[in-house]
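Asker: Structure file work18.cif, mmCIF, C-alpha atoms, is pasted below:
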data_run
loop_
_atom_site.label_atom_id
_atom_site.label_comp_id
_atom_site.auth_asym_id
_atom_site.auth_seq_id
_atom_site.Cartn_x
_atom_site.Cartn_y
_atom_site.Cartn_z
CA MET U 1 95.89 -220.93 91.94
CA LYS U 2 94.74 -217.29 91.89
CA ASP U 3 93.79 -217.55 95.57
CA LEU U 4 97.29 -218.85 96.30
CA PHE U 5 98.82 -215.92 94.43
CA ARG U 6 96.70 -213.48 96.41
CA GLN U 7 97.71 -215.14 99.67
CA PHE U 8 101.43 -214.72 99.03
CA ARG U 9 101.14 -211.23 97.56
CA PHE U 10 100.42 -210.09 101.10
CA PHE U 11 104.16 -210.11 101.75
CA LEU U 12 104.63 -207.35 99.18
CA LYS U 13 102.18 -205.01 100.90
CA ASP U 14 102.72 -202.91 104.01
CA THR U 15 99.33 -203.54 105.58
CA ILE U 16 101.02 -205.58 108.33
CA ARG U 17 102.26 -202.29 109.80
CA GLN U 18 98.67 -201.29 110.63
CA LYS U 19 98.25 -204.39 112.79
CA ILE U 20 101.36 -204.05 114.96
CA ASP U 21 101.51 -202.43 118.36
CA PHE U 22 104.96 -200.88 118.02
CA SER U 23 105.00 -200.06 121.73
CA MET U 24 105.57 -203.80 122.23
CA THR U 25 108.75 -204.10 120.17
CA ASP U 26 111.87 -205.15 122.03
CA GLN U 27 113.32 -201.72 121.34
CA ASN U 28 110.39 -199.99 123.05
CA LYS U 29 110.54 -202.48 125.91
CA GLY U 30 114.05 -201.22 126.59
CA LEU U 31 115.88 -204.39 125.59
CA PRO U 32 119.41 -203.83 124.26
CA PRO U 33 119.88 -203.98 120.48
CA PRO U 34 121.59 -207.00 118.97
CA PRO U 35 125.22 -206.44 117.97
CA VAL U 36 125.91 -204.89 114.57
CA GLU U 37 128.35 -207.72 113.81
CA LYS U 38 128.06 -211.42 114.55
CA PRO U 39 130.50 -212.43 117.30
CA TYR U 40 133.44 -214.71 116.52
CA PRO U 41 136.01 -216.75 118.48
CA THR U 42 138.98 -214.62 119.52
CA ASP U 43 141.41 -217.33 118.42
CA SER U 44 140.14 -217.25 114.81
CA THR U 45 142.38 -216.73 111.80
CA PHE U 46 142.06 -213.19 110.40
CA ILE U 47 143.19 -211.71 107.10
CA ASP U 48 143.79 -207.98 106.96
CA LEU U 49 142.21 -206.21 104.01
CA PRO U 50 143.79 -203.14 102.41
CA LYS U 51 142.12 -200.08 103.89
CA ARG U 52 140.43 -197.47 101.73
CA GLU U 53 143.14 -194.86 102.31
CA ASP U 54 145.75 -197.35 101.07
CA TRP U 55 144.09 -198.40 97.82
CA VAL U 56 146.31 -197.73 94.81
CA THR U 57 144.72 -199.74 91.99
CA ILE U 58 141.07 -198.78 92.42
CA SER U 59 140.19 -196.54 89.48
CA ASN U 60 137.55 -193.85 89.24
CA ILE U 61 134.74 -194.11 86.72
CA SER U 62 131.66 -191.96 86.54
CA LEU U 63 128.43 -193.10 88.12
CA VAL U 64 126.76 -192.60 84.74
CA GLU U 65 129.25 -195.02 83.16
CA ALA U 66 128.78 -197.60 85.93
CA ILE U 67 124.99 -197.50 85.59
CA LYS U 68 125.18 -197.65 81.79
CA ASN U 69 127.43 -200.73 81.91
CA ARG U 70 125.42 -202.60 84.53
CA LYS U 71 124.43 -206.07 83.36
CA SER U 72 124.59 -209.61 84.66
CA HIS U 73 127.68 -211.60 83.65
CA ARG U 74 127.85 -215.39 83.94
CA HIS U 75 131.12 -215.98 82.07
CA TYR U 76 134.44 -215.02 83.65
CA LYS U 77 138.13 -215.02 82.83
CA ASP U 78 140.63 -217.11 84.79
CA THR U 79 142.26 -213.86 85.96
CA PRO U 80 142.27 -213.64 89.77
CA LEU U 81 140.77 -210.83 91.77
CA SER U 82 143.32 -208.93 93.85
CA LEU U 83 142.91 -208.63 97.60
CA GLU U 84 142.64 -204.86 97.17
CA GLU U 85 139.81 -205.27 94.65
CA LEU U 86 137.99 -207.64 96.99
CA SER U 87 138.48 -205.13 99.81
CA PHE U 88 136.84 -202.47 97.67
CA LEU U 89 133.84 -204.67 96.80
CA LEU U 90 133.30 -205.53 100.46
CA TRP U 91 133.52 -201.88 101.47
CA ALA U 92 131.09 -200.91 98.69
CA THR U 93 128.50 -203.45 99.82
CA GLN U 94 128.75 -203.48 103.62
CA GLY U 95 131.48 -201.03 104.60
CA ILE U 96 130.94 -198.95 107.71
CA ARG U 97 131.25 -195.16 107.49
CA LEU U 98 130.49 -194.28 111.09
CA ILE U 99 129.46 -195.91 114.36
CA THR U 100 127.63 -193.72 116.85
CA LYS U 101 127.96 -193.89 120.62
CA ASN U 102 124.66 -195.75 120.88
CA GLY U 103 125.85 -198.50 118.55
CA ILE U 104 124.25 -197.46 115.28
CA ALA U 105 126.40 -198.29 112.24
CA PHE U 106 126.08 -196.11 109.16
CA ARG U 107 127.17 -198.10 106.11
CA THR U 108 127.70 -197.57 102.40
CA VAL U 109 124.21 -198.92 101.70
CA PRO U 110 120.84 -197.84 103.13
CA SER U 111 118.85 -199.95 105.55
CA ALA U 112 115.45 -199.49 107.19
CA GLY U 113 116.03 -197.87 110.57
CA CYS U 114 119.78 -198.34 110.02
CA ARG U 115 119.38 -201.91 111.29
CA HIS U 116 121.54 -203.70 108.67
CA SER U 117 120.55 -207.31 109.29
CA PHE U 118 123.13 -208.90 106.96
CA GLU U 119 126.36 -210.85 107.27
CA THR U 120 128.64 -211.40 104.26
CA TYR U 121 130.19 -214.79 103.56
CA LEU U 122 132.61 -215.40 100.71
CA CYS U 123 133.14 -218.51 98.66
CA VAL U 124 136.69 -217.69 97.54
CA LEU U 125 137.70 -219.39 94.31
CA ASN U 126 140.36 -217.24 92.65
CA VAL U 127 141.60 -214.34 94.77
CA GLU U 128 145.26 -213.40 95.13
CA GLU U 129 146.74 -214.07 98.58
CA LEU U 130 143.74 -216.17 99.64
CA LYS U 131 143.40 -219.94 99.59
CA ARG U 132 140.21 -221.53 98.33
CA GLY U 133 137.56 -221.80 100.97
CA LEU U 134 134.96 -219.98 103.00
CA TYR U 135 135.46 -216.62 104.72
CA ARG U 136 133.29 -214.10 106.55
CA TYR U 137 133.66 -210.34 106.24
CA LEU U 138 134.06 -208.41 109.49
CA PRO U 139 132.92 -204.87 108.64
CA LEU U 140 133.84 -203.35 112.02
CA GLU U 141 137.46 -204.44 111.63
CA HIS U 142 137.49 -204.49 107.80
CA LYS U 143 139.04 -207.94 107.91
CA LEU U 144 138.25 -211.44 106.72
CA LEU U 145 137.61 -214.28 109.12
CA LEU U 146 138.70 -217.68 107.79
CA LEU U 147 135.96 -220.27 108.26
CA SER U 148 137.40 -223.23 106.38
CA LEU U 149 139.78 -224.11 103.56
CA ASN U 150 138.13 -226.27 100.93
CA ASP U 151 139.57 -227.35 97.57
CA ASN U 152 136.12 -228.67 96.59
CA ILE U 153 134.32 -225.39 97.24
CA SER U 154 133.64 -224.81 93.54
CA ARG U 155 131.73 -228.07 93.17
CA GLU U 156 129.87 -227.57 96.45
CA ILE U 157 128.63 -224.06 95.68
CA ILE U 158 127.51 -225.16 92.21
CA GLU U 159 125.52 -228.04 93.71
CA ALA U 160 124.01 -225.74 96.35
CA THR U 161 122.79 -223.34 93.65
CA PHE U 162 120.94 -225.98 91.64
CA ASN U 163 123.91 -226.59 89.32
CA GLN U 164 124.23 -223.02 88.10
CA THR U 165 127.84 -223.54 87.09
CA PHE U 166 128.85 -219.87 86.97
CA THR U 167 128.60 -219.69 90.79
CA GLY U 168 131.70 -221.87 91.02
CA ARG U 169 133.62 -220.55 88.01
CA GLY U 170 134.37 -216.95 88.98
CA ALA U 171 136.74 -215.36 91.47
CA VAL U 172 134.39 -215.18 94.44
CA THR U 173 130.75 -215.79 95.21
CA PHE U 174 129.17 -213.50 97.78
CA ILE U 175 126.68 -215.16 100.12
CA TRP U 176 124.56 -212.81 102.20
CA THR U 177 122.74 -214.05 105.26
CA THR U 178 120.23 -212.23 107.38
CA ILE U 179 119.98 -212.21 111.15
CA PRO U 180 116.30 -211.21 111.28
CA TYR U 181 116.24 -210.20 114.93
CA ARG U 182 118.41 -207.16 114.16
CA MET U 183 115.42 -205.78 112.27
CA GLU U 184 112.69 -207.43 114.38
CA TRP U 185 114.08 -205.72 117.49
CA ARG U 186 112.75 -202.44 116.06
CA TYR U 187 110.02 -203.35 113.55
CA HIS U 188 108.45 -206.59 114.83
CA LEU U 189 106.51 -208.37 112.03
CA ALA U 190 107.00 -205.43 109.67
CA SER U 191 110.68 -206.41 109.48
CA HIS U 192 110.61 -209.09 106.86
CA LYS U 193 109.57 -207.09 103.83
CA VAL U 194 112.21 -204.43 104.49
CA ILE U 195 114.92 -207.08 104.96
CA ALA U 196 114.16 -208.25 101.42
CA ILE U 197 114.25 -204.66 100.16
CA ASP U 198 117.54 -203.95 101.94
CA VAL U 199 119.40 -206.86 100.40
CA GLY U 200 118.58 -205.45 96.96
CA HIS U 201 120.43 -202.26 97.89
CA VAL U 202 123.47 -204.34 98.82
CA CYS U 203 123.58 -206.31 95.58
CA GLN U 204 123.03 -203.24 93.41
CA ASN U 205 126.08 -201.64 95.02
CA LEU U 206 128.04 -204.78 94.13
CA TYR U 207 126.96 -204.56 90.50
CA LEU U 208 128.04 -200.92 90.23
CA ALA U 209 131.28 -201.45 92.15
CA CYS U 210 132.25 -204.33 89.85
CA SER U 211 132.46 -201.84 86.97
CA VAL U 212 135.35 -200.13 88.75
CA VAL U 213 137.50 -203.29 88.92
CA SER U 214 136.75 -204.79 85.49
CA CYS U 215 134.51 -207.43 86.97
CA GLY U 216 131.05 -208.71 86.25
CA ALA U 217 128.46 -209.93 88.71
CA CYS U 218 125.37 -212.08 88.55
CA ALA U 219 122.86 -212.16 91.37
CA VAL U 220 121.45 -215.53 92.40
CA GLY U 221 118.01 -215.85 93.94
CA ALA U 222 117.55 -219.58 93.19
CA TYR U 223 119.47 -221.79 95.61
CA HIS U 224 118.95 -224.79 97.88
CA GLN U 225 118.29 -223.13 101.23
CA GLU U 226 119.44 -225.95 103.47
CA MET U 227 122.53 -226.77 101.41
CA VAL U 228 123.84 -223.21 101.33
CA ASP U 229 123.09 -222.68 105.02
CA LYS U 230 124.96 -225.88 105.85
CA LEU U 231 127.86 -224.95 103.59
CA ILE U 232 128.51 -221.70 105.45
CA GLY U 233 127.63 -223.12 108.87
CA VAL U 234 124.53 -221.15 109.90
CA ASP U 235 121.54 -222.56 111.76
CA GLY U 236 118.86 -221.72 109.18
CA GLU U 237 116.57 -220.14 111.80
CA ASN U 238 118.25 -217.26 113.61
CA GLU U 239 120.54 -216.74 110.61
CA PHE U 240 120.02 -217.96 107.07
CA THR U 241 121.03 -217.29 103.48
CA ILE U 242 118.95 -214.71 101.64
CA TYR U 243 120.88 -213.85 98.45
CA LEU U 244 124.03 -214.70 96.50
CA ALA U 245 126.08 -213.13 93.72
CA ALA U 246 128.94 -214.51 91.66
CA VAL U 247 131.80 -212.17 90.70
CA GLY U 248 134.66 -212.59 88.27
CA LYS U 249 136.89 -210.76 85.83
CA ILE U 250 135.36 -210.08 82.41
#
Let me see the file written as structure tokens.
Answerer:
Amino acid sequence: MKDLFRQFRFFLKDTIRQKIDFSMTDQNKGLPPPPVEKPYPTDSTFIDLPKREDWVTISNISLVEAIKNRKSHRHYKDTPLSLEELSFLLWATQGIRLITKNGIAFRTVPSAGCRHSFETYLCVLNVEELKRGLYRYLPLEHKLLLLSLNDNISREIIEATFNQTFTGRGAVTFIWTTIPYRMEWRYHLASHKVIAIDVGHVCQNLYLACSVVSCGACAVGAYHQEMVDKLIGVDGENEFTIYLAAVGKI
């Protein structure tokens, strides 16, 4: 067993970087970078989200207060989340501050090499102005893309998270996927550790942002990989689930 532990601890180290010829990355070969946002059909159904300059209900609390109050919550009220509050949480976790001429997107969270390999899917359970179902956040447009309406989404997300019931009892469950090639394009085999690090930045921002809108969050690292991937309609190879978090009013 100790040998097995040692074998898998390798992932936590950065010794892989010493073995890579970075002149052979796709970036250094001159290949174009992958898009900062996953493409979508032009005839999709979109939902506009309130823009930051139009928010009227988002309060200000000190960073000290937000950090002091940070804890995981697994019990939520039946009170719905407003669309403005959801807009704020999405901006706080994957919002784009600036896009440069060469296609680099600076967001509200850090990412190794500014590669930002994540897509955000939402299991919407109790949000004003939204029907129950699955949505994807489009950070470039700051809009939601409707994937499917589903009255059984609560039961399905609970089953896909090994019957952790709180994932289907809140207002919304965030599901983050990674598109690894966005990072691999620059960092080759050194990509995978930093992808795991990056998603922690995203979820921590969610925890702190929840304090602003009287919500609690609980991160979920234990889930059925194939079931969640199938639920949100990703292939499990070029894009797959990496982390989840339930959110609800407390």
Asker: Where does region 162-181 of chain U meet region 81-102 of chain U within 12 Å, residue by residue, with the nearest atom pair and distance in Å to one decimal for each, counting only C-alpha atoms, listed by chain and rising number, as JSON lines?
Answerer:
{"residue": "U:Gly170", "atom": "CA", "partner": "U:Leu81", "partner_atom": "CA", "distance": 9.3}
{"residue": "U:Ala171", "atom": "CA", "partner": "U:Leu81", "partner_atom": "CA", "distance": 6.1}
{"residue": "U:Val172", "atom": "CA", "partner": "U:Leu81", "partner_atom": "CA", "distance": 8.2}
{"residue": "U:Thr173", "atom": "CA", "partner": "U:Leu86", "partner_atom": "CA", "distance": 11.0}
{"residue": "U:Phe174", "atom": "CA", "partner": "U:Leu90", "partner_atom": "CA", "distance": 9.4}
{"residue": "U:Ile175", "atom": "CA", "partner": "U:Leu90", "partner_atom": "CA", "distance": 11.7}
{"residue": "U:Trp176", "atom": "CA", "partner": "U:Gln94", "partner_atom": "CA", "distance": 10.3}
Asker: Can you list, as a ChimeraX atom specification, the residues that the PyMOL selection byres ((chain U and resi 129) around 10) selects here?
Answerer: /U:47,80-83,126-128,130-132
Asker: Point out the residue among U:Ser111, U:Asn238, U:Thr165, U:Ser211 with the least atom-to-atom distance to Arg70 (chain U), counting all atoms listed in the file.
Answerer: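 Counting all atoms listed in the file, the residue closest to Arg70 (chain U) is U:Ser211.
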Asker: Kindly give the distance, in Å, that separates CA of Thr167 (chain U) and CA of Arg74 (chain U), rounded to a single decimal.
Answerer: 8.1 Å
Asker: Might you spell out which residues the PyMOL selection byres ((chain U and resi 155) around 12) would select in the displayed file, as a PDB file with C-alpha atoms, in the frame of the given file?
Answerer:
ATOM      1  CA  CYS U 123     133.140-218.510  98.660  1.00  0.00           C
ATOM      2  CA  LEU U 125     137.700-219.390  94.310  1.00  0.00           C
ATOM      3  CA  ARG U 132     140.210-221.530  98.330  1.00  0.00           C
ATOM      4  CA  GLY U 133     137.560-221.800 100.970  1.00  0.00           C
ATOM      5  CA  ASN U 150     138.130-226.270 100.930  1.00  0.00           C
ATOM      6  CA  ASP U 151     139.570-227.350  97.570  1.00  0.00           C
ATOM      7  CA  ASN U 152     136.120-228.670  96.590  1.00  0.00           C
ATOM      8  CA  ILE U 153     134.320-225.390  97.240  1.00  0.00           C
ATOM      9  CA  SER U 154     133.640-224.810  93.540  1.00  0.00           C
ATOM     10  CA  GLU U 156     129.870-227.570  96.450  1.00  0.00           C
ATOM     11  CA  ILE U 157     128.630-224.060  95.680  1.00  0.00           C
ATOM     12  CA  ILE U 158     127.510-225.160  92.210  1.00  0.00           C
ATOM     13  CA  GLU U 159     125.520-228.040  93.710  1.00  0.00           C
ATOM     14  CA  ALA U 160     124.010-225.740  96.350  1.00  0.00           C
ATOM     15  CA  THR U 161     122.790-223.340  93.650  1.00  0.00           C
ATOM     16  CA  PHE U 162     120.940-225.980  91.640  1.00  0.00           C
ATOM     17  CA  ASN U 163     123.910-226.590  89.320  1.00  0.00           C
ATOM     18  CA  GLN U 164     124.230-223.020  88.100  1.00  0.00           C
ATOM     19  CA  THR U 165     127.840-223.540  87.090  1.00  0.00           C
ATOM     20  CA  PHE U 166     128.850-219.870  86.970  1.00  0.00           C
ATOM     21  CA  THR U 167     128.600-219.690  90.790  1.00  0.00           C
ATOM     22  CA  GLY U 168     131.700-221.870  91.020  1.00  0.00           C
ATOM     23  CA  ARG U 169     133.620-220.550  88.010  1.00  0.00           C
ATOM     24  CA  LEU U 231     127.860-224.950 103.590  1.00  0.00           C
TER      25      LEU U 231
END
Asker: Taking into account only C-alpha atoms, which residue in the set U:Gly216, U:Pro50, U:Gly233, U:Gly221 is nearest to Asn69 (chain U)?
Answerer: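 Of U:Gly216, U:Pro50, U:Gly233, U:Gly221, the one nearest Asn69 (chain U) is U:Gly216, counting only C-alpha atoms.
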Asker: Could you give me, as a VMD selection string, the residues within 9 Å of region 188-194 of chain U, counting all atoms listed in the file and dropping anything in the same chain fewer than 5 positions from it?
Answerer: chain U and resid 11 to 17 20 to 22 24 to 26 111 to 112 180 to 181 183 199
Asker: Separation of CA of Lys77 (chain U) and CA of Lys249 (chain U), in Å?
Answerer: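 Going from CA of Lys77 (chain U) over to CA of Lys249 (chain U) covers 5.4 Å.
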Asker: Considering only C-alpha atoms, can you say which of U:Tyr121, U:Phe5, U:Tyr187, U:Tyr135 comes closest to Ala245 (chain U)?
Answerer: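 Result for the nearest residue to Ala245 (chain U): U:Tyr121.
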Asker: From the options U:Gln225, U:Thr177, U:Ser214, U:Ser62, which residue's atoms come nearest to Thr120 (chain U), counting only C-alpha atoms?
Answerer: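 Selected residue with least distance to Thr120 (chain U): U:Thr177.
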Asker: Give as a list in words the residues that the PyMOL selection byres ((chain U and resi 218) around 6) matches when applied to the coordinates above.
Answerer: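 Given this file, the PyMOL selection byres ((chain U and resi 218) around 6) evaluates to Ser72, His73, Ala217, Ala219, Ala245 and Ala246 of chain U.
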Asker: Would you please work out which residue, of U:Val234, U:Val212, U:Ile104, U:Val109, is nearest to Ile197 (chain U) when using only C-alpha atoms?
Answerer: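 Closest residue, counting only C-alpha atoms: U:Val109.
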Asker: Kindly give the distance, in Å, that separates CA of Glu184 (chain U) and CA of Gly200 (chain U), rounded to a single decimal.
Answerer: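 So the answer is 18.5 Å.
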Asker: With distances taken over all atoms listed in the file, which residue among U:Leu138, U:Val56, U:Leu208, U:Leu145 lies nearest Lys71 (chain U)?
Answerer: U:Leu208
